[in-house]
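Asker: Input structure: coords_33.cif, which contains mmCIF, C-alpha atoms.
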```cif
data_work
loop_
_atom_site.label_atom_id
_atom_site.label_comp_id
_atom_site.auth_asym_id
_atom_site.auth_seq_id
_atom_site.Cartn_x
_atom_site.Cartn_y
_atom_site.Cartn_z
CA MET I 1 72.09 178.06 97.81
CA ALA I 2 70.15 177.95 101.01
CA LEU I 3 67.65 175.21 101.59
CA SER I 4 64.80 176.17 103.78
CA THR I 5 61.38 174.97 104.74
CA VAL I 6 58.45 176.50 102.88
CA THR I 7 54.99 177.12 104.24
CA LEU I 8 52.31 176.53 101.61
CA PRO I 9 49.24 178.80 101.42
CA SER I 10 47.29 176.01 103.08
CA GLY I 11 49.59 176.21 106.10
CA PHE I 12 51.40 172.96 105.38
CA LEU I 13 55.13 173.14 106.07
CA LEU I 14 57.29 171.60 103.33
CA PRO I 15 60.56 170.17 104.70
CA SER I 16 63.80 171.76 103.51
CA ILE I 17 64.80 168.62 101.59
CA HIS I 18 61.91 169.38 99.23
CA ALA I 19 63.96 172.37 98.05
CA ALA I 20 66.94 170.17 97.13
CA PRO I 21 67.01 169.48 93.36
CA PRO I 22 68.26 165.86 93.60
CA PHE I 23 65.33 164.96 95.88
CA PHE I 24 63.31 164.53 92.68
CA THR I 25 65.65 161.98 91.12
CA GLN I 26 65.84 158.28 91.97
CA GLN I 27 69.22 157.65 93.56
CA PRO I 28 71.59 154.98 92.23
CA ASN I 29 73.10 154.41 95.68
CA ALA I 30 70.81 152.00 97.55
CA THR I 31 71.40 153.50 101.00
CA THR I 32 70.78 157.01 99.76
CA GLN I 33 67.67 155.85 97.93
CA ALA I 34 66.30 154.18 101.06
CA SER I 35 66.71 157.46 102.89
CA ALA I 36 65.08 159.42 100.06
CA THR I 37 62.11 157.03 99.91
CA GLY I 38 61.69 157.41 103.65
CA HIS I 39 61.57 161.19 103.30
CA TRP I 40 59.02 160.96 100.48
CA LYS I 41 56.78 158.57 102.38
CA ARG I 42 56.79 160.74 105.48
CA LEU I 43 56.09 163.83 103.39
CA ILE I 44 53.22 162.17 101.50
CA LEU I 45 51.55 160.84 104.64
CA ALA I 46 51.97 164.11 106.53
CA PHE I 47 50.51 166.07 103.61
CA ALA I 48 47.62 163.60 103.23
CA ARG I 49 46.81 163.79 106.93
CA PHE I 50 46.99 167.58 106.89
CA HIS I 51 44.59 167.87 103.95
CA LYS I 52 42.57 164.71 104.62
CA LEU I 53 43.55 163.23 101.28
CA TYR I 54 42.89 159.53 100.90
CA THR I 55 44.27 158.68 97.47
CA LEU I 56 47.39 159.31 95.44
CA SER I 57 47.86 158.17 91.87
CA LEU I 58 50.27 158.55 88.99
CA ALA I 59 47.65 160.75 87.33
CA ASP I 60 48.28 163.38 90.02
CA LEU I 61 51.71 163.96 88.44
CA GLU I 62 50.24 165.35 85.23
CA ASP I 63 47.44 167.35 86.80
CA THR I 64 48.57 170.81 87.88
CA LYS I 65 45.19 171.29 89.61
CA SER I 66 45.69 168.20 91.73
CA PRO I 67 45.76 168.87 95.48
CA TRP I 68 49.12 167.10 95.35
CA ALA I 69 50.70 169.53 92.87
CA ASN I 70 52.68 171.46 95.50
CA VAL I 71 54.23 168.28 96.80
CA LEU I 72 54.87 166.37 93.60
CA ARG I 73 56.49 169.35 91.95
CA ASN I 74 58.58 172.26 93.14
CA GLU I 75 58.18 175.15 90.72
CA ARG I 76 60.66 177.26 92.67
CA ILE I 77 63.52 174.99 91.60
CA ASN I 78 61.80 173.65 88.49
CA ARG I 79 61.80 170.01 89.57
CA ARG I 80 59.07 167.42 89.59
CA LEU I 81 58.60 163.80 90.47
CA LEU I 82 58.55 161.52 87.44
CA PRO I 83 56.19 158.54 87.03
CA PRO I 84 58.79 155.75 87.53
CA TYR I 85 59.88 157.31 90.82
CA LEU I 86 56.37 157.85 92.18
CA SER I 87 55.49 154.34 91.06
CA ALA I 88 58.42 152.97 93.10
CA ILE I 89 57.33 155.02 96.12
CA LEU I 90 53.74 153.77 95.88
CA GLN I 91 55.00 150.19 95.58
CA ASP I 92 57.11 150.70 98.69
CA MET I 93 54.19 152.17 100.65
CA ASN I 94 52.02 149.24 99.64
CA THR I 95 54.66 146.82 100.90
CA SER I 96 55.10 148.58 104.22
CA ASN I 97 51.34 148.89 104.85
CA GLN I 98 51.36 152.68 104.65
CA ALA I 99 49.01 152.47 101.68
CA THR I 100 47.34 149.85 99.56
CA PHE I 101 46.72 149.57 95.83
CA GLU I 102 43.02 150.26 95.41
CA PRO I 103 41.53 148.62 93.49
CA PRO I 104 44.08 145.86 94.09
CA THR I 105 44.21 144.87 90.44
CA GLN I 106 46.22 147.92 89.37
CA LYS I 107 49.45 149.57 90.46
CA THR I 108 48.93 153.24 89.66
CA SER I 109 46.68 154.43 92.48
CA VAL I 110 46.79 153.88 96.20
CA LEU I 111 44.56 154.35 99.19
CA LEU I 112 46.73 156.07 101.79
CA TYR I 113 46.94 154.76 105.32
CA TRP I 114 47.83 157.87 107.34
CA ASN I 115 45.63 155.99 109.76
CA THR I 116 45.82 152.22 109.35
CA PRO I 117 42.52 150.28 109.09
CA GLU I 118 43.15 149.17 112.70
CA GLN I 119 43.32 152.81 113.81
CA TRP I 120 40.22 153.67 111.77
CA ALA I 121 38.38 150.78 113.45
CA ASP I 122 39.14 152.26 116.87
CA ILE I 123 38.20 155.76 115.71
CA LEU I 124 34.88 154.47 114.35
CA TYR I 125 34.07 152.53 117.50
CA ASP I 126 35.02 155.43 119.78
CA TRP I 127 32.88 157.75 117.69
CA GLY I 128 29.94 155.34 118.05
CA VAL I 129 30.40 155.21 121.83
CA SER I 130 30.83 158.95 122.32
CA THR I 131 27.80 159.81 120.18
CA GLY I 132 25.65 157.12 121.83
CA GLN I 133 25.00 155.15 118.69
CA LEU I 134 25.75 151.63 119.88
CA ASN I 135 23.08 149.08 118.92
CA THR I 136 21.80 151.47 116.27
CA ILE I 137 21.82 150.62 112.60
CA LEU I 138 23.98 153.15 110.83
CA THR I 139 24.19 153.48 107.07
CA PHE I 140 27.62 154.10 105.59
CA TYR I 141 26.36 157.50 104.50
CA GLU I 142 25.53 158.44 108.08
CA ILE I 143 29.12 157.64 109.03
CA THR I 144 30.94 159.27 106.11
CA GLU I 145 28.69 162.35 105.98
CA PRO I 146 27.53 162.85 109.57
CA ALA I 147 25.42 165.88 110.43
CA LEU I 148 28.01 166.85 113.00
CA GLU I 149 31.46 166.71 111.44
CA SER I 150 33.64 163.94 112.85
CA ALA I 151 37.05 162.41 112.28
CA LEU I 152 35.31 160.05 109.89
CA SER I 153 33.80 162.75 107.68
CA GLY I 154 34.74 162.07 104.09
CA ILE I 155 36.34 158.68 104.69
CA PRO I 156 36.10 156.53 101.53
CA VAL I 157 33.62 153.66 101.86
CA VAL I 158 36.27 151.15 100.84
CA LEU I 159 38.43 152.20 103.80
CA LEU I 160 35.42 152.30 106.12
CA LYS I 161 34.59 148.71 105.12
CA LYS I 162 38.11 147.57 105.98
CA ALA I 163 37.69 149.09 109.44
CA ILE I 164 34.27 147.46 109.90
CA VAL I 165 35.64 144.05 108.91
CA LEU I 166 38.20 144.43 111.70
CA LEU I 167 35.48 145.39 114.21
CA GLN I 168 33.42 142.39 113.10
CA LYS I 169 36.34 140.08 113.80
CA ASN I 170 36.38 140.87 117.50
CA GLY I 171 32.64 141.15 117.86
CA ARG I 172 32.37 144.91 118.06
CA ALA I 173 30.23 145.35 114.94
CA GLN I 174 27.69 143.58 112.82
CA VAL I 175 27.02 144.25 109.14
CA ILE I 176 23.34 144.53 108.33
CA SER I 177 21.56 144.84 104.99
CA VAL I 178 19.49 147.98 104.73
CA ALA I 179 17.12 149.17 102.01
CA ASP I 180 19.71 150.92 99.88
CA GLY I 181 22.74 148.73 100.52
CA GLU I 182 24.61 147.97 103.70
CA GLY I 183 24.68 149.33 107.19
CA VAL I 184 26.51 148.56 110.38
CA LYS I 185 25.50 148.09 113.97
CA LEU I 186 28.17 148.80 116.56
CA LEU I 187 27.83 146.39 119.49
CA PRO I 188 28.62 147.13 123.12
CA GLN I 189 31.55 145.15 124.40
CA THR I 190 30.33 142.64 126.94
CA SER I 191 33.64 141.79 128.49
CA VAL I 192 37.04 143.24 128.31
CA PRO I 193 39.42 140.52 127.22
CA MET F 194 152.73 169.11 157.25
CA HIS F 195 149.82 166.83 157.65
CA ARG F 196 150.29 163.33 156.47
CA ARG F 197 147.53 160.83 156.27
CA SER F 198 148.18 158.33 158.99
CA ALA F 199 148.44 154.72 158.13
CA GLY F 200 146.81 151.96 160.05
CA LEU F 201 143.50 150.37 160.89
CA ALA F 202 142.17 153.36 162.80
CA SER F 203 142.47 155.54 159.71
CA LEU F 204 140.62 153.02 157.59
CA SER F 205 137.64 152.87 159.92
CA ARG F 206 137.54 156.66 160.08
CA LEU F 207 137.33 156.86 156.29
CA GLU F 208 134.48 154.39 156.25
CA HIS F 209 132.71 156.42 158.88
CA THR F 210 133.05 159.60 156.81
CA THR F 211 131.68 157.95 153.68
CA GLN F 212 128.73 156.66 155.67
CA SER F 213 128.00 160.11 157.00
CA TYR F 214 128.06 161.55 153.55
CA ALA F 215 125.67 158.87 152.29
CA GLN F 216 123.36 159.53 155.17
CA LEU F 217 123.40 163.22 154.54
CA SER F 218 122.71 162.83 150.84
CA HIS F 219 119.88 160.40 151.56
CA HIS F 220 118.43 162.84 154.02
CA LEU F 221 118.69 165.68 151.56
CA SER F 222 117.00 163.82 148.72
CA THR F 223 114.27 162.62 151.04
CA THR F 224 113.62 166.19 152.03
CA GLN F 225 113.61 167.22 148.42
CA ILE F 226 111.21 164.48 147.42
CA SER F 227 108.87 165.19 150.26
CA SER F 228 108.96 168.87 149.50
CA LEU F 229 108.26 168.05 145.85
CA HIS F 230 105.38 165.85 146.95
CA ALA F 231 104.13 168.67 149.09
CA GLN F 232 104.39 171.09 146.21
CA LEU F 233 102.69 168.73 143.86
CA SER F 234 99.83 168.08 146.21
CA GLN F 235 99.61 171.79 146.87
CA PHE F 236 99.44 172.42 143.12
CA ARG F 237 96.87 169.72 142.73
CA THR F 238 94.83 171.17 145.54
CA ALA F 239 95.14 174.61 144.03
CA LEU F 240 94.15 173.39 140.59
CA SER F 241 91.29 171.42 142.06
CA ALA F 242 90.19 174.38 144.12
CA PHE F 243 90.38 176.57 141.05
CA ALA F 244 88.47 174.06 138.97
CA TYR F 245 85.95 173.61 141.73
CA THR F 246 85.41 177.33 142.30
CA HIS F 247 85.06 177.95 138.61
CA ARG F 248 83.17 174.76 137.97
CA ASP F 249 80.13 176.57 136.74
CA SER F 250 82.09 178.90 134.50
CA ILE F 251 83.98 175.95 133.04
CA ARG F 252 80.78 174.10 132.35
CA LYS F 253 78.81 177.03 131.05
CA ASP F 254 81.23 179.43 129.38
CA PRO F 255 82.86 178.02 126.26
CA ALA F 256 85.60 180.65 126.14
CA PHE F 257 86.53 180.02 129.76
CA ARG F 258 86.44 176.27 129.21
CA HIS F 259 88.72 176.60 126.24
CA ALA F 260 91.18 178.75 128.19
CA PHE F 261 91.17 176.24 131.02
CA GLN F 262 91.79 173.39 128.63
CA LYS F 263 94.69 175.29 127.10
CA MET F 264 96.15 175.94 130.53
CA CYS F 265 95.93 172.26 131.42
CA VAL F 266 97.66 171.31 128.20
CA SER F 267 100.45 173.86 128.66
CA ILE F 268 101.29 172.59 132.15
CA GLY F 269 101.13 169.02 130.93
CA VAL F 270 97.92 167.93 132.59
CA ASP F 271 95.72 165.96 130.28
CA PRO F 272 92.24 166.49 131.62
CA LEU F 273 91.02 163.35 129.91
CA ALA F 274 93.82 161.14 131.18
CA GLY F 275 93.88 159.40 134.51
CA PRO F 276 93.97 155.99 136.04
CA ARG F 277 90.38 156.24 137.10
CA LYS F 278 87.42 155.85 134.89
CA GLY F 279 86.67 159.21 133.32
CA GLY F 280 89.97 160.76 134.37
CA TRP F 281 90.62 163.82 136.38
CA TRP F 282 87.94 166.02 134.82
CA ALA F 283 85.28 163.53 135.57
CA GLU F 284 86.50 163.29 139.13
CA MET F 285 86.78 167.03 139.68
CA LEU F 286 84.11 168.59 137.56
CA GLY F 287 81.84 165.99 136.20
CA LEU F 288 83.26 167.22 132.90
CA GLY F 289 84.05 163.69 131.87
CA ASP F 290 80.33 163.20 131.75
CA PHE F 291 80.10 166.42 129.81
CA ASN F 292 82.43 165.08 127.15
CA TYR F 293 80.81 161.67 127.05
CA GLU F 294 77.39 163.25 126.81
CA LEU F 295 78.58 165.51 124.02
CA GLY F 296 80.22 162.53 122.34
CA VAL F 297 76.92 160.68 122.35
CA GLN F 298 75.19 163.71 120.86
CA VAL F 299 77.88 164.03 118.18
CA VAL F 300 77.35 160.39 117.27
CA ASP F 301 73.60 160.91 117.27
CA VAL F 302 73.80 163.80 114.80
CA CYS F 303 76.41 162.08 112.61
CA VAL F 304 74.41 158.87 112.41
CA SER F 305 71.07 160.53 111.81
CA THR F 306 72.43 162.72 109.01
CA ARG F 307 74.60 159.98 107.52
CA GLU F 308 72.09 158.82 104.96
CA ARG F 309 71.78 162.35 103.72
CA ASN F 310 75.42 163.38 103.64
CA GLY F 311 77.17 160.03 103.39
CA GLY F 312 78.93 160.39 106.73
CA VAL F 313 80.71 163.69 106.20
CA ILE F 314 79.31 166.71 107.97
CA GLU F 315 80.59 170.23 108.15
CA MET F 316 81.75 171.29 111.58
CA ARG F 317 79.51 174.36 111.63
CA GLU F 318 76.42 172.34 110.82
CA LEU F 319 77.39 169.72 113.40
CA VAL F 320 77.82 172.38 116.08
CA GLY F 321 74.43 173.80 115.16
CA LEU F 322 72.62 170.47 115.20
CA VAL F 323 74.24 169.35 118.45
CA GLY F 324 73.26 172.67 119.96
CA LYS F 325 69.70 172.09 118.83
CA LEU F 326 69.72 168.57 120.27
CA ARG F 327 70.83 169.91 123.65
CA GLY F 328 67.85 172.20 123.64
CA VAL F 329 67.40 175.84 124.38
CA GLY F 330 68.89 177.28 127.51
CA SER F 331 71.73 174.81 127.71
CA GLU F 332 75.31 176.00 127.57
CA ALA F 333 76.80 176.88 124.19
CA ILE F 334 79.01 174.36 122.41
CA THR F 335 82.12 175.23 120.45
CA GLU F 336 84.23 173.46 117.86
CA GLU F 337 86.88 172.76 120.51
CA ASP F 338 84.30 170.95 122.61
CA ILE F 339 83.34 168.79 119.66
CA VAL F 340 86.96 167.99 118.86
CA LEU F 341 87.60 167.06 122.48
CA SER F 342 84.53 164.90 122.71
CA ILE F 343 85.51 163.11 119.51
CA LYS F 344 88.82 162.41 121.25
CA THR F 345 86.95 160.73 124.08
CA LEU F 346 85.36 158.45 121.50
CA GLU F 347 88.75 157.28 120.26
CA PRO F 348 89.11 154.27 122.58
CA LEU F 349 85.91 152.89 121.08
CA GLY F 350 87.55 152.69 117.67
CA SER F 351 84.62 154.58 116.29
CA GLY F 352 86.60 156.01 113.38
CA TYR F 353 85.30 159.53 113.94
CA GLN F 354 87.74 162.01 112.53
CA VAL F 355 88.06 165.71 112.00
CA ILE F 356 89.29 166.35 108.47
CA GLU F 357 90.01 169.53 106.63
CA VAL F 358 88.56 170.05 103.19
CA GLY F 359 89.22 173.27 101.33
CA GLY F 360 90.07 175.10 104.54
CA ARG F 361 86.91 173.94 106.28
CA LYS F 362 86.69 171.52 109.15
CA MET F 363 84.47 168.53 108.57
CA VAL F 364 83.74 165.53 110.74
CA ARG F 365 83.82 162.18 109.06
CA SER F 366 81.94 159.37 110.74
CA VAL F 367 82.45 156.61 108.21
CA VAL F 368 85.46 154.36 108.23
CA GLY F 369 87.55 154.65 105.12
CA GLU F 370 89.75 157.30 103.67
CA LEU F 371 88.66 159.87 101.16
CA ASP F 372 91.09 159.62 98.30
CA GLU F 373 92.84 162.71 97.05
CA ASP F 374 90.49 163.29 94.13
CA GLN F 375 87.45 163.01 96.37
CA THR F 376 88.87 165.60 98.73
CA VAL F 377 89.23 167.93 95.74
CA VAL F 378 85.69 167.03 94.60
CA LEU F 379 84.31 167.89 98.03
CA SER F 380 86.08 171.22 98.21
CA VAL F 381 85.07 172.24 94.66
CA ALA F 382 81.49 171.25 95.48
CA ARG F 383 81.62 173.53 98.49
CA GLU F 384 82.75 176.46 96.34
CA ASN F 385 79.79 175.81 94.07
CA GLY F 386 77.15 175.69 96.76
CA GLY F 387 76.93 171.90 96.70
CA ARG F 388 76.26 171.41 92.99
CA LEU F 389 78.91 169.84 90.84
CA VAL F 390 79.08 168.64 87.23
CA GLU F 391 81.91 166.93 85.37
CA ASP F 392 82.69 170.08 83.39
CA THR F 393 83.36 172.11 86.51
CA LEU F 394 86.13 169.69 87.50
CA ILE F 395 87.50 169.59 83.95
CA VAL F 396 87.68 173.37 83.75
CA SER F 397 88.78 174.23 87.27
CA GLN F 398 91.08 171.29 87.98
CA GLY F 399 92.24 170.46 84.46
CA TRP F 400 91.08 166.87 84.87
CA THR F 401 90.18 164.60 81.99
CA ARG F 402 86.51 163.71 81.64
CA ASP F 403 87.25 160.12 82.65
CA ARG F 404 88.98 161.20 85.83
CA ALA F 405 86.18 163.61 86.73
CA ARG F 406 83.54 160.97 86.07
CA ALA F 407 85.41 158.30 88.04
CA ALA F 408 85.84 160.57 91.05
CA LEU F 409 82.20 161.64 91.00
CA ASP F 410 80.86 158.14 90.47
CA ASN F 411 82.97 156.74 93.28
CA THR F 412 81.69 159.45 95.55
CA LEU F 413 78.10 158.87 94.43
CA LEU F 414 77.82 155.13 94.05
CA ARG F 415 80.40 153.66 96.38
CA ASP F 416 80.37 156.14 99.25
CA GLY F 417 76.95 157.76 98.96
CA LEU F 418 78.48 161.15 99.71
CA CYS F 419 76.39 162.95 97.13
CA TRP F 420 73.05 162.76 95.35
CA LEU F 421 72.27 162.61 91.66
CA ASP F 422 70.03 165.14 89.89
CA GLU F 423 68.82 164.05 86.47
CA GLN F 424 66.69 167.15 85.93
CA ASP F 425 69.61 169.56 85.86
CA GLU F 426 68.85 172.39 83.40
CA THR F 427 72.27 172.55 81.77
CA THR F 428 73.68 169.02 81.78
CA GLY F 429 70.82 166.78 82.87
CA HIS F 430 73.28 165.05 85.17
CA ALA F 431 74.47 166.97 88.22
CA TYR F 432 75.87 165.82 91.55
CA TRP F 433 74.75 167.45 94.77
CA PHE F 434 76.73 167.34 97.99
CA PHE F 435 74.35 167.75 100.90
CA SER F 436 77.27 168.17 103.27
CA ALA F 437 78.32 171.25 101.26
CA MET F 438 74.87 172.81 101.12
CA ASP F 439 73.45 175.46 103.35
CA TRP F 440 70.56 173.95 105.30
CA LYS F 441 68.20 176.28 107.05
CA GLU F 442 66.05 173.77 108.86
#
```
Can you present the structure in this file as structure tokens?
Answerer:
Amino acid sequence: MALSTVTLPSGFLLPSIHAAPPFFTQQPNATTQASATGHWKRLILAFARFHKLYTLSLADLEDTKSPWANVLRNERINRRLLPPYLSAILQDMNTSNQATFEPPTQKTSVLLYWNTPEQWADILYDWGVSTGQLNTILTFYEITEPALESALSGIPVVLLKKAIVLLQKNGRAQVISVADGEGVKLLPQTSVP
Amino acid sequence: MHRRSAGLASLSRLEHTTQSYAQLSHHLSTTQISSLHAQLSQFRTALSAFAYTHRDSIRKDPAFRHAFQKMCVSIGVDPLAGPRKGGWWAEMLGLGDFNYELGVQVVDVCVSTRERNGGVIEMRELVGLVGKLRGVGSEAITEEDIVLSIKTLEPLGSGYQVIEVGGRKMVRSVVGELDEDQTVVLSVARENGGRLVEDTLIVSQGWTRDRARAALDNTLLRDGLCWLDEQDETTGHAYWFFSAMDWKE
């Protein structure tokens, strides 16, 4: 049997290992399992980045309409990821800061960090600079749903807030209360440390 | 009738004759040695000149390189040997570097695929991956080149070995022997496209279930040479040997 890469209708290229039946089983050999988890994590983050997906949860396993269906199952070889395995992968991603359980009180759904909050902070600040919106009060809505599509279009507010907290820490942003909630003011950097 | 004369004069004459003979024989052997030296250096020059003239062909053309290697072996010149670092090839052709470079690439491929295949890779796949690593446009690599470059790794005690499983060459990069049953397991897996279940071994090899299970579990758990598939349609418990599968990356 030949294992080859598969291009999904969306244009995403599935790696050849996704066509290997045992890829969907948790491996009893620790070294092999570490390798398999690594492959899964890379695949999940690459797919999320490609489709701008921000969350992955155990519920996606049961939902054939989920945007994740083509990754979590391979109909061509009749294999699918089972909940205990995905749960272990999510746990691992949470530990290695490639995702975080969101909300933090549960362990079935994660917010994916195909960009870390640090990277999102830089993206947000650079966007503010390049669109000339420093010293302007921006609502979260104006950032997540900008008139002109940006890298931040569609970013979940919870992730946006994490990025803003980081900007606040080094004095690049200020959170301001606005009429219908919160807004942020990006501040020009006075001196380069 | 001549009679050997007695006396002191005769004795000294005898000594003189012996000395002459010794001198002559010394002279002869010196001439022989120097002529041998001359021949040897001539041969060396010729071989060097040949190697130098065909340097590019040797480096670029695998068939030519193989023929040259065979010639060196048949006349008793080990291209890898030599008192100097890198040996004669390195000195003459920069081919020592070629082998070292290839050796590094072989290690690279073996190590990076080890987690997947447990440290056993089929020669054909290795050749393909090394070729890919060297990039397009670079000279083609053959099995002989790989074998030779693995030989250059020997002094490092790396444990790289070319083994034969079911008539196919494989390169093993993990220390430790495959036991006899595992060799059989690997070759049966190859015949079955990488998938193996206990029953296949019981039917084709006449093993008991315990023996089949032990061999497979050793291979899976201890050596990580195969992967487990618990969603197998027929048995719900199949073993997959990535090193025996056909990967079209």
Asker: Care to translate the PyMOL selection byres ((chain F) within 8 of (chain I)) into actual residues of this file, as a VMD selection string?
Answerer: chain F and resid 308 to 309 311 386 to 387 413 to 415 417 420 to 425 432 to 433 438 to 442
Asker: From the set I:Glu142, I:Lys41, I:Arg172, I:Asn135, which residue has the shortest atom-to-atom contact distance to Asn97 in chain I, counting all atoms listed in the file?
Answerer: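 That would be I:Lys41, the residue with the smallest distance to Asn97 in chain I.
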Asker: Rounded to one decimal place, report the CA of Met363 in chain F-CA of Ile314 in chain F distance in Å.
Answerer: 5.5 Å
Asker: Emit as lines of an AutoDock Vina configuration file the padded axis-aligned box for all listed atoms of range 60-73 of chain I, 8 Å per side, with centre and edge lengths in Å to one decimal.
Answerer:
```
center_x = 50.8
center_y = 167.4
center_z = 91.0
size_x = 27.3
size_y = 24.1
size_z = 27.6
```
Asker: One number please: CA of Asn94 in chain I to CA of Leu111 in chain I, in Å, one decimal.
Answerer: 9.1 Å
Asker: As a check of understanding, name the residues that the PyMOL selection byres ((chain I and resi 113) around 8) selects in the supplied structure, as an MDAnalysis selection string.
Answerer: chainID I and resid 45 54 97:100 111:112 114:117
Asker: Using all atoms listed in the file, determine which residues lie at most 12 Å from Gln174 in chain I, disregarding the query and same-chain residues fewer than 4 positions distant; provide the list as a list of chain:residue names.
Answerer: I:Tyr125, I:Leu134, I:Asn135, I:Thr136, I:Ile137, I:Leu138, I:Thr139, I:Lys161, I:Ala163, I:Ile164, I:Val165, I:Leu166, I:Leu167, I:Gln168, I:Lys169, I:Asn170, I:Glu182, I:Gly183, I:Val184, I:Lys185, I:Leu186, I:Leu187, I:Pro188
Asker: The selected residues should be written to file as a PDB file, keeping the file's coordinate frame (atoms: C-alpha atoms).
Answerer:
```pdb
ATOM      1  CA  TYR I 125      34.070 152.530 117.500  1.00  0.00           C
ATOM      2  CA  LEU I 134      25.750 151.630 119.880  1.00  0.00           C
ATOM      3  CA  ASN I 135      23.080 149.080 118.920  1.00  0.00           C
ATOM      4  CA  THR I 136      21.800 151.470 116.270  1.00  0.00           C
ATOM      5  CA  ILE I 137      21.820 150.620 112.600  1.00  0.00           C
ATOM      6  CA  LEU I 138      23.980 153.150 110.830  1.00  0.00           C
ATOM      7  CA  THR I 139      24.190 153.480 107.070  1.00  0.00           C
ATOM      8  CA  LYS I 161      34.590 148.710 105.120  1.00  0.00           C
ATOM      9  CA  ALA I 163      37.690 149.090 109.440  1.00  0.00           C
ATOM     10  CA  ILE I 164      34.270 147.460 109.900  1.00  0.00           C
ATOM     11  CA  VAL I 165      35.640 144.050 108.910  1.00  0.00           C
ATOM     12  CA  LEU I 166      38.200 144.430 111.700  1.00  0.00           C
ATOM     13  CA  LEU I 167      35.480 145.390 114.210  1.00  0.00           C
ATOM     14  CA  GLN I 168      33.420 142.390 113.100  1.00  0.00           C
ATOM     15  CA  LYS I 169      36.340 140.080 113.800  1.00  0.00           C
ATOM     16  CA  ASN I 170      36.380 140.870 117.500  1.00  0.00           C
ATOM     17  CA  GLU I 182      24.610 147.970 103.700  1.00  0.00           C
ATOM     18  CA  GLY I 183      24.680 149.330 107.190  1.00  0.00           C
ATOM     19  CA  VAL I 184      26.510 148.560 110.380  1.00  0.00           C
ATOM     20  CA  LYS I 185      25.500 148.090 113.970  1.00  0.00           C
ATOM     21  CA  LEU I 186      28.170 148.800 116.560  1.00  0.00           C
ATOM     22  CA  LEU I 187      27.830 146.390 119.490  1.00  0.00           C
ATOM     23  CA  PRO I 188      28.620 147.130 123.120  1.00  0.00           C
TER      24      PRO I 188
END
```
Asker: Provide the CA of Leu346 in chain F to CA of Gln298 in chain F distance in Å, to one decimal place.
Answerer: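 Spanning CA of Leu346 in chain F to CA of Gln298 in chain F is a straight-line distance of 11.5 Å.
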